[in-house]
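Source file: upload_31.cif (mmCIF, C-alpha atoms)
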data_model
loop_
_atom_site.label_atom_id
_atom_site.label_comp_id
_atom_site.auth_asym_id
_atom_site.auth_seq_id
_atom_site.Cartn_x
_atom_site.Cartn_y
_atom_site.Cartn_z
CA MET A 1 0.00 0.00 0.00
CA MET A 2 2.81 2.34 0.91
CA LYS A 3 4.52 1.52 -2.38
CA LEU A 4 1.32 2.32 -4.31
CA ALA A 5 0.96 5.68 -2.52
CA GLY A 6 4.56 6.52 -3.37
CA ILE A 7 4.05 5.68 -7.05
CA ALA A 8 0.85 7.76 -7.12
CA THR A 9 2.66 10.70 -5.55
CA VAL A 10 5.49 10.53 -8.09
CA ALA A 11 2.98 10.26 -10.96
CA MET A 12 1.08 13.32 -9.67
CA MET A 13 4.30 15.30 -9.41
CA LEU A 14 5.24 14.40 -12.99
CA LEU A 15 1.83 15.49 -14.25
CA LEU A 16 2.05 18.77 -12.37
CA ALA A 17 5.62 19.38 -13.56
CA GLU A 18 4.56 18.92 -17.15
CA GLY A 19 1.75 21.49 -16.92
CA PRO A 20 3.88 24.68 -16.84
CA ARG A 21 6.13 23.38 -19.61
CA GLN A 22 3.10 22.78 -21.80
CA GLN A 23 1.84 26.24 -20.89
CA ASP A 24 5.22 27.71 -21.91
CA GLU A 25 5.09 25.83 -25.21
CA ARG A 26 1.54 27.03 -25.85
CA ALA A 27 2.50 30.64 -25.01
CA ALA A 28 5.52 30.42 -27.35
CA ALA A 29 3.32 29.05 -30.15
CA GLU A 30 0.78 31.86 -29.63
CA ARG A 31 3.58 34.46 -29.61
CA ASN A 32 5.03 33.04 -32.84
CA ASP A 33 1.57 33.08 -34.45
CA CYS A 34 1.16 36.72 -33.42
CA ILE A 35 4.58 37.68 -34.83
CA ARG A 36 3.84 35.81 -38.08
CA HIS A 37 0.49 37.64 -38.34
CA CYS A 38 2.17 41.04 -37.85
CA LEU A 39 4.84 40.29 -40.43
CA THR A 40 2.40 39.11 -43.08
CA GLN A 41 -0.21 41.80 -42.45
CA PRO A 42 -0.14 44.57 -45.07
CA VAL A 43 1.35 47.87 -43.83
CA ASP A 44 -0.92 50.89 -44.00
CA PRO A 45 0.87 53.34 -46.36
CA GLU A 46 -0.91 56.36 -44.84
CA LEU A 47 0.30 55.39 -41.38
CA ARG A 48 3.89 55.14 -42.66
CA ARG A 49 3.56 58.52 -44.41
CA GLN A 50 2.23 60.16 -41.24
CA GLU A 51 5.17 58.71 -39.30
CA ILE A 52 7.62 60.50 -41.61
CA VAL A 53 5.58 63.74 -41.49
CA SER A 54 5.75 63.62 -37.69
CA LEU A 55 9.52 63.06 -37.76
CA GLU A 56 9.98 66.05 -40.09
CA ARG A 57 7.94 68.30 -37.77
CA GLU A 58 9.76 66.98 -34.71
CA ALA A 59 13.07 67.83 -36.41
CA GLY A 60 12.00 71.47 -36.78
CA HIS A 61 10.99 71.59 -33.13
CA ALA A 62 14.29 69.95 -32.09
CA ILE A 63 16.25 72.59 -34.03
CA GLN A 64 14.31 75.37 -32.31
CA LEU A 65 15.06 73.84 -28.89
CA ARG A 66 18.68 72.93 -29.79
CA ASN A 67 17.80 69.34 -28.92
CA GLY A 68 20.56 67.08 -30.20
CA SER A 69 19.01 63.93 -28.69
CA PHE A 70 16.32 63.86 -31.40
CA PHE A 71 19.01 63.74 -34.09
CA ARG A 72 21.05 61.14 -32.19
CA ARG A 73 17.96 58.93 -32.19
CA VAL A 74 16.61 59.54 -35.71
CA TYR A 75 19.69 60.28 -37.86
CA SER A 76 21.75 57.23 -38.85
CA ASP A 77 25.35 56.96 -37.70
CA ASP A 78 26.51 57.26 -41.30
CA PHE A 79 24.31 60.31 -42.03
CA ALA A 80 25.65 62.54 -44.82
CA GLY A 81 24.14 65.97 -45.35
CA THR A 82 24.72 69.20 -47.22
CA LEU A 83 23.95 72.56 -45.64
CA SER A 84 22.34 75.44 -47.53
CA HIS A 85 25.74 77.01 -48.30
CA GLY A 86 27.22 73.76 -49.65
CA GLN A 87 29.11 72.52 -46.59
CA GLN A 88 28.95 68.76 -46.16
CA VAL A 89 28.30 67.46 -42.64
CA ASN A 90 28.13 64.13 -40.87
CA LYS A 91 25.88 63.28 -37.92
CA ALA A 92 28.24 64.65 -35.24
CA GLN A 93 28.79 67.91 -37.15
CA TRP A 94 25.04 68.35 -37.71
CA ILE A 95 24.29 67.83 -34.01
CA ALA A 96 27.05 70.28 -33.02
CA LEU A 97 25.56 72.86 -35.39
CA VAL A 98 22.03 72.34 -34.03
CA GLN A 99 23.27 72.69 -30.44
CA SER A 100 25.40 75.75 -31.16
CA ASP A 101 24.44 78.96 -29.39
CA ALA A 102 25.45 81.13 -32.38
CA VAL A 103 21.77 81.42 -33.31
CA THR A 104 18.72 81.69 -31.07
CA TYR A 105 15.55 80.49 -32.76
CA GLU A 106 12.29 82.14 -31.81
CA ASN A 107 10.47 79.81 -34.15
CA PHE A 108 11.44 76.94 -36.44
CA ASN A 109 8.65 75.30 -38.38
CA ALA A 110 8.55 72.43 -40.89
CA SER A 111 5.54 72.74 -43.20
CA ASP A 112 4.42 71.62 -46.65
CA VAL A 113 5.78 68.15 -45.85
CA ARG A 114 5.53 65.77 -48.80
CA VAL A 115 6.49 62.10 -48.55
CA GLN A 116 7.06 59.41 -51.15
CA ILE A 117 7.54 55.87 -49.84
CA TYR A 118 9.36 53.16 -51.78
CA GLN A 119 9.20 49.91 -49.76
CA ASP A 120 11.68 50.52 -46.90
CA MET A 121 12.89 53.90 -48.17
CA ALA A 122 11.15 57.27 -48.06
CA ILE A 123 11.92 60.70 -49.51
CA ALA A 124 10.56 63.68 -47.59
CA THR A 125 10.60 67.29 -48.75
CA CYS A 126 9.44 70.23 -46.68
CA LEU A 127 9.63 73.96 -46.19
CA TRP A 128 11.63 75.12 -43.17
CA SER A 129 10.66 78.58 -41.94
CA SER A 130 12.48 80.24 -39.07
CA ARG A 131 12.71 83.44 -37.07
CA PHE A 132 15.99 83.81 -35.25
CA SER A 133 18.53 86.16 -33.71
CA SER A 134 22.13 86.11 -34.86
CA LYS A 135 24.83 88.61 -33.86
CA GLY A 136 22.20 90.93 -32.41
CA GLN A 137 19.99 90.94 -35.53
CA ARG A 138 16.48 89.49 -35.75
CA LEU A 139 16.01 87.69 -39.05
CA SER A 140 13.59 85.34 -40.75
CA HIS A 141 14.43 82.80 -43.39
CA GLN A 142 12.98 79.97 -45.47
CA MET A 143 14.68 76.88 -46.85
CA ARG A 144 13.65 73.76 -48.70
CA ALA A 145 14.83 70.51 -47.12
CA ILE A 146 14.96 67.01 -48.52
CA HIS A 147 15.63 63.93 -46.38
CA VAL A 148 16.14 60.30 -47.34
CA TYR A 149 14.84 57.79 -44.78
CA LEU A 150 15.50 54.06 -44.47
CA ASN A 151 13.24 51.84 -42.40
CA GLY A 152 15.08 49.24 -40.36
CA ALA A 153 14.53 47.10 -37.29
CA SER A 154 14.52 50.17 -35.03
CA GLY A 155 12.29 52.32 -37.25
CA TRP A 156 12.89 55.15 -39.72
CA HIS A 157 16.32 56.80 -39.84
CA VAL A 158 17.54 59.74 -41.91
CA VAL A 159 20.56 58.69 -43.96
CA SER A 160 20.95 61.81 -46.11
CA GLY A 161 19.68 65.35 -46.34
CA GLN A 162 20.14 68.60 -48.18
CA ILE A 163 18.96 72.14 -47.48
CA THR A 164 18.47 74.84 -50.11
CA ASN A 165 18.07 78.54 -49.29
CA LEU A 166 15.08 80.38 -50.67
CA PRO A 167 15.50 84.07 -51.58
CA PRO A 168 16.46 86.34 -49.97
CA ASP A 169 19.49 84.59 -48.53
CA VAL A 170 20.19 86.06 -45.09
CA GLY A 171 23.20 83.94 -44.13
CA GLN A 172 21.39 81.22 -42.20
CA PRO A 173 23.92 78.93 -40.39
CA LEU A 174 22.14 75.75 -41.47
#

As structure tokens, the full file:
Amino acid sequence: MMKLAGIATVAMMLLLAEGPRQQDERAAAERNDCIRHCLTQPVDPELRRQEIVSLEREAGHAIQLRNGSFFRRVYSDDFAGTLSHGQQVNKAQWIALVQSDAVTYENFNASDVRVQIYQDMAIATCLWSSRFSSKGQRLSHQMRAIHVYLNGASGWHVVSGQITNLPPDVGQPL
């Protein structure tokens, strides 16, 4: 009788021990099904376009606030850009320029944002309008900007950009 009780106890323990493992396997299967569903589900192109529009507007706000952390997060490490006066810059140079206290922006706005998406690449153009103080003078200026985005595992990143002055050219540092 004692032997039978011992065998029953061991059998019960084995059944109970198997329960959580089966639950883990079931949870892993459900998680894999969910991931597979997300990967095969069509991506809403309007949602992707709005994501880029938001990034362009955030960039304007980050320039106004001299916020380099936005550019550290969104610009790729191998970013290559050209400023409005032809100077080529990398990511570190762009961030240093944005954080510089040579210019104080009262307003920096990105408007007329247009986005074309090509699979995992996007081209964004926009109008940058700013009011700023430089060397004791209050000025306003407009530029056209174009940015090339690539979509990777961690989201959209700017890999290239160019800024073009619109008349009259008032010597904007960007």

Which residues are near range 92-98 of chain A? Cut-off 12 Å, all atoms listed in the file, ignore same chain within fewer than 4 positions. Put them as a ChimeraX atom specification. /A:59-83,87-88,102-105,108,160-162,172-174

With all atoms listed in the file as the counted atoms, please give the residues lying no more than 9 Å from Leu127 in chain A, apart from itself and same-chain residues fewer than 4 positions off, as JSON, numbers by chain. {"A": [109, 110, 111, 112, 113, 142, 143, 144, 145]}

If I wrap all listed atoms of range 53-72 of chain A in a box with edges along x, y and z and add 3 Å on each side, what are its centre and edge lengths in Å to one decimal, as AutoDock Vina command-line options?
--center_x 13.3 --center_y 68.3 --center_z -35.1 --size_x 21.5 --size_y 20.2 --size_z 18.8

Name the closest residue to Tyr149 in chain A among the candidates A:Ala28, A:Ile52, A:Cys126, A:Ile163; distances are taken between atoms, counting all atoms listed in the file. A:Ile52

Expand the PyMOL selection byres ((chain A and resi 114) around 6) into the explicit residue set it covers here, and present it as a PDB file with C-alpha atoms, in the coordinates of the input.
ATOM      1  CA  VAL A 113       5.780  68.150 -45.850  1.00  0.00           C
ATOM      2  CA  VAL A 115       6.490  62.100 -48.550  1.00  0.00           C
ATOM      3  CA  ALA A 124      10.560  63.680 -47.590  1.00  0.00           C
ATOM      4  CA  THR A 125      10.600  67.290 -48.750  1.00  0.00           C
TER       5      THR A 125
END

Two-atom distance - CA of Arg49 in chain A, CA of Glu106 in chain A (Å): 28.2 Å

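Separating CA of Asn107 in chain A from CA of Arg138 in chain A is a distance of 11.5 Å.
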
note - CA of Asn90 in chain A and CA of Tyr118 in chain A are separated by 24.3 Å

What's around Gln119 in chain A at 10 Å? Count all atoms listed in the file, leave out sequence neighbours fewer than 4 positions away in its own chain, and write the answer as number ranges by chain. A: 45, 150-151
